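Note sheet for the following structure.
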Amino acid sequence: MDSLATRTGLEAVGWIVAPVDWIQRTSLDLWRDYVALVNVRRENERVKQRIQELEIQQMRLRSRVAETKRLRRLLGFSPPPAWNCTGARIVGERMSPSDALRTVLLNKGSANAVHPGMPALTPTGLVGQVLKTSQSFSKLLLITDPNSKVPVIGRQSRTKAILKGRGAGNAPQLDYVARNTPLSEGEIVVTSGLGGVFPKGIPVGRIQSIEQPGQSLFQEVKVRLLSDPGGLEEVLLLHHSARDRPKDSVLDPARPRPGD
Amino acid sequence: MNEVLWWILYTLCGIWIQGAIPGVDCFGPGLLLCLQTGRFKSLFWLAPIWVLLQEGAGSLPFGSALLYDAGLVYFFLLIRPYINLTSPMYILSISLFAGLWHFGVVHLVTSLQGIHILSQQILFQSIRLTAVFPVIWALASLIYYFRIAPSHARF
């Protein structure tokens with residue numbers, strides 16, 4: 001029944017909400033395009049798109065440089081799987097009273113090779129993972145939801161932990177950080193790749209505060225997210241290149257770049 | 001206006017309103033409207049559609065919307081012999097029940113499934129649902145009685 005409700009209910013709600021979102025977006029775009037400087041705006045959009053792609057590439061490469069240095073010392077290392085990404089637009093937020101989790105509705109579904117568990121990010125950092133999908137739409141569980149648990153690692157200290165959401169407006173927390181670990185305020189945490197859901201090296205947040213509760217074995221570490229899940233309009237969905245691959249992948253090497 | 005067309009439009013508007021005001025329930029008032037006007041045929045085909053829409057668009061495992069709607073119907077049948085349907089007490093008590101029941105159902109379903117929720121967020125959602133429920137019911141009733149089925153008007 002859960003599957004039936006997702007395939008029919010989510011699909012129907014998506015198709016009903018999408019035209020309103022389209023009208024709203026188109027009206028805004030028309031207003032912006034014709035009132036503002038049309039060519040400058042379009043050029044700006046192309047450049048922004050290119051910057052986003054380069055930022056993601058840079059993000060991955062930065063992580064790989066550090067990784068390569070460490071891995072050179074190891075023998076028998078198997079390279080991590082390659083990941084590609086596809087863009088999706090947010091067309092709605094909580095659409096039902098039974099939507100008790102922090103989710104948003106995306107305009108891509110199983111027809112676009114989107115499947116539950118796919119990580120979602122923006123050029124600045126991780127924002128969540130796909131919770132469920134219908135044919136043309138999917139629900140994204142945001143990283144701030146208390147049910148979201150992401151394996152992370154400190155970029156400098158290499159301290160491993162689990163990032164757990166604490167609801168909207170509350171900074172997520174790192175669980176299971178032992179008292180003697182060398183984590184410091186301001187350090188960037190990235191996905192550790194453990195568990196296989198999130199690829200390694202995606203920036204998640206910056207350590208905001210570290211407290212040592214009296215009798216606990218662990219530190220209380222709060223993280224300020226690099227990407228604000230509250231103000232999202234579009235996200236990039238990551239998928240293994242080895243698995244099914246969407247046609248409009250923004251990192252597809254065969255895809256012509258703007259300005260080529 | 002044709003009754004089937006009315007309910008289709010009502011459903012479309014309900015989804016848009018639920019998208020615009022997160023957490024409110026637009027189909028509960030519709031369910032009540034069907035019950036109080038004795039439109040059981042409409043209820044028969046509308047209830048499964050509304051349950052599927054609510055469950056599909058929701059993020060909880062299947063059952064929460066079904067349980068919530070069943071509770072509303074049960075409470076309506078329970079209070080019907082004691083409260084005049086034209087009395088403000090009728091919709092106020094049902095709205096209050098809807099808010100409390102929603103809070104209870106979400107907590108029940110999430111605790112059974114081991115899902116973490118923030119009680120404060122669900123509490124605010126339930127308060128919002130309680131406040132908006134009579135407004136939607138009043139608007140839907142006015143349109144229904146005066147435009148769709150004037151013979152049912154009790155005002």
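Here's how to read the names in the structure tokens: chain A, B, ... by the order shown, residue numbers from 1 in each chain, ligand numbers from 1 in the order shown.
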Please, which residues in chain B fall within 6 Å of chain A when counting only C-alpha atoms, and what is the closest atom pair and distance in Å to one decimal for each, ordered by chain then residue number, as a tab-separated table?
```
residue	atom	partner	partner_atom	distance
B:Gln18	CA	A:Met95	CA	5.5
B:Gly19	CA	A:Met95	CA	4.8
B:Pro22	CA	A:Arg94	CA	5.3
B:Gly23	CA	A:Pro97	CA	4.5
B:Val24	CA	A:Pro97	CA	5.9
B:Asp25	CA	A:Pro97	CA	5.9
B:Leu52	CA	A:Gly9	CA	4.9
B:Leu53	CA	A:Gly9	CA	4.0
B:Gln54	CA	A:Ser96	CA	5.4
B:Glu55	CA	A:Ala5	CA	5.8
B:Gly56	CA	A:Gly9	CA	4.0
B:Ala57	CA	A:Leu10	CA	4.7
B:Gly58	CA	A:Asp99	CA	4.1
B:Ser59	CA	A:Asp99	CA	4.7
B:Phe62	CA	A:Asp2	CA	4.8
B:His116	CA	A:Asn147	CA	5.7
```
To test your reading of the structure, identify every residue in segment 34-151 of chain B that backbone DSSP assigns to alpha helix (DSSP H), and report it as a PDB file with C-alpha atoms, in the first residue's frame.
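Result went into states-v7.pdb, see below:
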```
ATOM      1  CA  CYS B  34     -19.960  14.625   2.707  1.00  0.00           C
ATOM      2  CA  LEU B  35     -21.014  13.039   6.003  1.00  0.00           C
ATOM      3  CA  GLN B  36     -23.241  15.874   7.197  1.00  0.00           C
ATOM      4  CA  PHE B  40     -22.168   8.692   0.978  1.00  0.00           C
ATOM      5  CA  LYS B  41     -21.706   7.888  -2.721  1.00  0.00           C
ATOM      6  CA  SER B  42     -19.350  10.843  -3.062  1.00  0.00           C
ATOM      7  CA  LEU B  43     -17.601   9.803   0.132  1.00  0.00           C
ATOM      8  CA  PHE B  44     -17.163   6.292  -1.234  1.00  0.00           C
ATOM      9  CA  TRP B  45     -15.008   7.418  -4.172  1.00  0.00           C
ATOM     10  CA  LEU B  46     -13.491  10.532  -2.616  1.00  0.00           C
ATOM     11  CA  ALA B  47     -12.131   9.001   0.596  1.00  0.00           C
ATOM     12  CA  PRO B  48      -9.747   6.501  -1.108  1.00  0.00           C
ATOM     13  CA  ILE B  49      -8.483   9.217  -3.457  1.00  0.00           C
ATOM     14  CA  TRP B  50      -7.862  11.645  -0.595  1.00  0.00           C
ATOM     15  CA  VAL B  51      -6.161   8.955   1.487  1.00  0.00           C
ATOM     16  CA  LEU B  52      -3.867   8.046  -1.431  1.00  0.00           C
ATOM     17  CA  LEU B  53      -3.025  11.710  -2.048  1.00  0.00           C
ATOM     18  CA  GLN B  54      -2.267  12.379   1.618  1.00  0.00           C
ATOM     19  CA  GLU B  55      -0.274   9.185   2.068  1.00  0.00           C
ATOM     20  CA  GLY B  56       1.608   9.570  -1.219  1.00  0.00           C
ATOM     21  CA  ALA B  57       2.528  13.190  -0.586  1.00  0.00           C
ATOM     22  CA  SER B  64      -1.306   7.703   9.197  1.00  0.00           C
ATOM     23  CA  ALA B  65      -3.777   9.466   6.862  1.00  0.00           C
ATOM     24  CA  LEU B  66      -6.080   6.447   6.904  1.00  0.00           C
ATOM     25  CA  LEU B  67      -6.074   6.380  10.700  1.00  0.00           C
ATOM     26  CA  TYR B  68      -6.603  10.132  10.893  1.00  0.00           C
ATOM     27  CA  ASP B  69      -9.587  10.075   8.517  1.00  0.00           C
ATOM     28  CA  ALA B  70     -11.094   7.033  10.256  1.00  0.00           C
ATOM     29  CA  GLY B  71     -10.836   8.873  13.576  1.00  0.00           C
ATOM     30  CA  LEU B  72     -12.602  11.928  12.136  1.00  0.00           C
ATOM     31  CA  VAL B  73     -15.473   9.798  10.808  1.00  0.00           C
ATOM     32  CA  TYR B  74     -15.770   7.956  14.129  1.00  0.00           C
ATOM     33  CA  PHE B  75     -15.812  11.198  16.122  1.00  0.00           C
ATOM     34  CA  PHE B  76     -18.467  12.655  13.787  1.00  0.00           C
ATOM     35  CA  LEU B  77     -20.684   9.604  14.302  1.00  0.00           C
ATOM     36  CA  LEU B  78     -20.053   9.786  18.041  1.00  0.00           C
ATOM     37  CA  ILE B  79     -21.094  13.416  18.537  1.00  0.00           C
ATOM     38  CA  PRO B  88     -20.791  26.389  16.254  1.00  0.00           C
ATOM     39  CA  MET B  89     -19.987  23.810  18.943  1.00  0.00           C
ATOM     40  CA  TYR B  90     -20.123  21.129  16.257  1.00  0.00           C
ATOM     41  CA  ILE B  91     -17.288  22.420  14.085  1.00  0.00           C
ATOM     42  CA  LEU B  92     -15.291  23.747  17.034  1.00  0.00           C
ATOM     43  CA  SER B  93     -15.301  20.369  18.779  1.00  0.00           C
ATOM     44  CA  ILE B  94     -14.432  18.546  15.552  1.00  0.00           C
ATOM     45  CA  SER B  95     -11.592  20.998  14.801  1.00  0.00           C
ATOM     46  CA  LEU B  96     -10.201  20.545  18.285  1.00  0.00           C
ATOM     47  CA  PHE B  97     -10.456  16.781  17.945  1.00  0.00           C
ATOM     48  CA  ALA B  98      -8.776  16.934  14.504  1.00  0.00           C
ATOM     49  CA  GLY B  99      -5.776  18.799  15.965  1.00  0.00           C
ATOM     50  CA  LEU B 100      -5.416  16.477  18.947  1.00  0.00           C
ATOM     51  CA  TRP B 101      -5.980  13.371  16.836  1.00  0.00           C
ATOM     52  CA  HIS B 102      -3.393  14.492  14.280  1.00  0.00           C
ATOM     53  CA  PHE B 103      -0.862  14.998  17.086  1.00  0.00           C
ATOM     54  CA  GLY B 104      -1.677  11.550  18.482  1.00  0.00           C
ATOM     55  CA  VAL B 105      -1.616   9.729  15.142  1.00  0.00           C
ATOM     56  CA  VAL B 106       1.753  11.191  14.101  1.00  0.00           C
ATOM     57  CA  HIS B 107       3.259  10.252  17.471  1.00  0.00           C
ATOM     58  CA  LEU B 108       1.766   6.758  17.320  1.00  0.00           C
ATOM     59  CA  VAL B 109       2.918   6.006  13.765  1.00  0.00           C
ATOM     60  CA  THR B 110       6.398   7.448  14.251  1.00  0.00           C
ATOM     61  CA  SER B 111       6.968   5.648  17.566  1.00  0.00           C
ATOM     62  CA  LEU B 112       5.860   2.336  16.029  1.00  0.00           C
ATOM     63  CA  GLN B 113       8.233   2.808  13.079  1.00  0.00           C
ATOM     64  CA  SER B 119       7.241  17.139  19.142  1.00  0.00           C
ATOM     65  CA  GLN B 120       7.278  20.923  19.135  1.00  0.00           C
ATOM     66  CA  GLN B 121       7.032  21.007  15.337  1.00  0.00           C
ATOM     67  CA  ILE B 122       4.118  18.544  15.336  1.00  0.00           C
ATOM     68  CA  LEU B 123       2.422  20.534  18.103  1.00  0.00           C
ATOM     69  CA  PHE B 124       2.591  23.754  16.056  1.00  0.00           C
ATOM     70  CA  GLN B 125       1.357  21.842  13.009  1.00  0.00           C
ATOM     71  CA  SER B 126      -1.592  20.490  15.016  1.00  0.00           C
ATOM     72  CA  ILE B 127      -2.449  23.979  16.316  1.00  0.00           C
ATOM     73  CA  ARG B 128      -2.351  25.327  12.765  1.00  0.00           C
ATOM     74  CA  LEU B 129      -4.542  22.451  11.600  1.00  0.00           C
ATOM     75  CA  THR B 130      -7.057  23.178  14.389  1.00  0.00           C
ATOM     76  CA  ALA B 131      -7.170  26.871  13.483  1.00  0.00           C
ATOM     77  CA  VAL B 132      -7.517  26.407   9.715  1.00  0.00           C
ATOM     78  CA  PHE B 133      -9.912  23.437   9.821  1.00  0.00           C
ATOM     79  CA  PRO B 134     -13.116  25.440  10.627  1.00  0.00           C
ATOM     80  CA  VAL B 135     -12.211  28.132   8.084  1.00  0.00           C
ATOM     81  CA  ILE B 136     -11.928  25.607   5.253  1.00  0.00           C
ATOM     82  CA  TRP B 137     -15.064  23.821   6.432  1.00  0.00           C
ATOM     83  CA  ALA B 138     -17.023  27.112   6.553  1.00  0.00           C
ATOM     84  CA  LEU B 139     -15.902  28.189   3.072  1.00  0.00           C
ATOM     85  CA  ALA B 140     -16.570  24.768   1.561  1.00  0.00           C
ATOM     86  CA  SER B 141     -19.996  24.562   3.276  1.00  0.00           C
ATOM     87  CA  LEU B 142     -21.019  28.020   2.059  1.00  0.00           C
ATOM     88  CA  ILE B 143     -20.095  27.238  -1.545  1.00  0.00           C
TER      89      ILE B 143
END
```
Which distance in Å separates atom CA of Leu71 of chain A and atom CA of Ile207 of chain A, to one decimal?
->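 We find that atom CA of Leu71 of chain A and atom CA of Ile207 of chain A lie 25.9 Å from each other.
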Which of A:Pro123, A:Ala178, A:Glu187, A:Trp22 sits closest to Gln57 of chain A [using only C-alpha atoms] = A:Pro123
Find the residues around Leu232 of chain A up to 9 Å (only C-alpha atoms counted), leave out those fewer than 6 positions away in its own chain, and share them as a VMD selection string.
-> chain A and resid 89 to 90 122 127
Nearest to Glu234 of chain A by atom-to-atom distance, counting only C-alpha atoms, from A:Leu174, A:Ala88, A:Leu61, A:Leu54 | A:Ala88
Quick one: residues within 10 Å of segment 6-10 of chain B, only C-alpha atoms counted, chain neighbours fewer than 3 positions away excluded, as a list in words?
->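 Contacts, with the query itself left out: Met1, Asn2, Glu3, Cys13, Gly14, Ile15, Trp16, Cys26, Phe27, Gly30, Ser42, Leu46, Ala140, Ile143, Tyr144, Arg147 and Ile148 of chain B.
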Store the residues picked out above, limited to N, CA and C atoms, as a short mmCIF file (atom, residue, chain, number, x, y, z; two decimals), in the first residue's frame.
```
data_model
loop_
_atom_site.label_atom_id
_atom_site.label_comp_id
_atom_site.auth_asym_id
_atom_site.auth_seq_id
_atom_site.Cartn_x
_atom_site.Cartn_y
_atom_site.Cartn_z
N MET B 1 -23.62 23.91 -10.43
CA MET B 1 -22.40 23.19 -10.83
C MET B 1 -22.55 21.70 -10.54
N ASN B 2 -22.04 20.92 -11.42
CA ASN B 2 -22.06 19.47 -11.23
C ASN B 2 -21.27 19.09 -9.97
N GLU B 3 -21.84 18.13 -9.20
CA GLU B 3 -21.22 17.78 -7.92
C GLU B 3 -19.83 17.14 -8.11
N CYS B 13 -7.90 22.45 -5.33
CA CYS B 13 -7.65 23.60 -4.45
C CYS B 13 -7.05 23.13 -3.13
N GLY B 14 -7.54 21.99 -2.64
CA GLY B 14 -7.04 21.45 -1.37
C GLY B 14 -5.54 21.18 -1.45
N ILE B 15 -5.10 20.58 -2.55
CA ILE B 15 -3.67 20.28 -2.70
C ILE B 15 -2.86 21.58 -2.77
N TRP B 16 -3.37 22.56 -3.51
CA TRP B 16 -2.64 23.83 -3.61
C TRP B 16 -2.57 24.52 -2.25
N CYS B 26 -6.95 19.85 4.25
CA CYS B 26 -8.10 20.36 3.51
C CYS B 26 -9.12 19.26 3.22
N PHE B 27 -8.73 18.02 3.36
CA PHE B 27 -9.64 16.94 3.00
C PHE B 27 -10.52 16.48 4.16
N GLY B 30 -13.72 18.34 3.95
CA GLY B 30 -14.49 17.78 2.84
C GLY B 30 -15.19 16.49 3.24
N SER B 42 -20.53 9.99 -2.83
CA SER B 42 -19.35 10.84 -3.06
C SER B 42 -18.23 10.44 -2.12
N LEU B 46 -14.43 9.47 -2.98
CA LEU B 46 -13.49 10.53 -2.62
C LEU B 46 -12.49 10.09 -1.54
N ALA B 140 -16.08 25.88 2.39
CA ALA B 140 -16.57 24.77 1.56
C ALA B 140 -18.07 24.60 1.75
N ILE B 143 -20.06 27.45 -0.09
CA ILE B 143 -20.10 27.24 -1.54
C ILE B 143 -21.00 26.05 -1.86
N TYR B 144 -20.84 24.99 -1.09
CA TYR B 144 -21.60 23.77 -1.37
C TYR B 144 -23.10 24.00 -1.20
N ARG B 147 -24.30 26.98 -3.83
CA ARG B 147 -24.02 26.86 -5.26
C ARG B 147 -24.23 25.43 -5.78
N ILE B 148 -23.89 24.45 -4.97
CA ILE B 148 -23.91 23.08 -5.48
C ILE B 148 -25.23 22.38 -5.15
#
```
Could you check which of A:Arg224, A:Lys200, A:Arg50, A:His240 is closest to Arg62 of chain A, using only C-alpha atoms?
->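 Closest to Arg62 of chain A, using only C-alpha atoms: A:Lys200.
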Any idea what the distance is between atom CA of Arg32 of chain A and atom CA of Gly125 of chain A?
-> 27.5 Å
Within segment 79-174 of chain A, find each residue whose DSSP state, derived from the backbone, is strand (DSSP E), and express the selection as number ranges by chain.
-> A: 83-92, 103-106, 119-122, 125-133, 138-142, 149-154, 160-164, 173-174
Exercise: Lys149 of chain A partners within 10 Å, only C-alpha atoms, chain neighbours under 4 positions left out, as a PyMOL selection string | chain A and resi 128+143-145+161-165+172-175
By how many Å are atom CA of Lys222 of chain A and atom CA of Arg206 of chain A apart?
-> 8.7 Å
Please identify all polymer residues within 12 Å of Ser63 of chain A, counting only C-alpha atoms, omitting same-chain residues fewer than 4 positions from it, and present them as a count of residues only.
-> 23
Smallest atom-to-atom distance to Ile115 of chain B: which of B:Pro61, B:Arg39, B:Ile21, B:Val4, using only C-alpha atoms?
->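 So, comparing all the options, the nearest one is B:Pro61.
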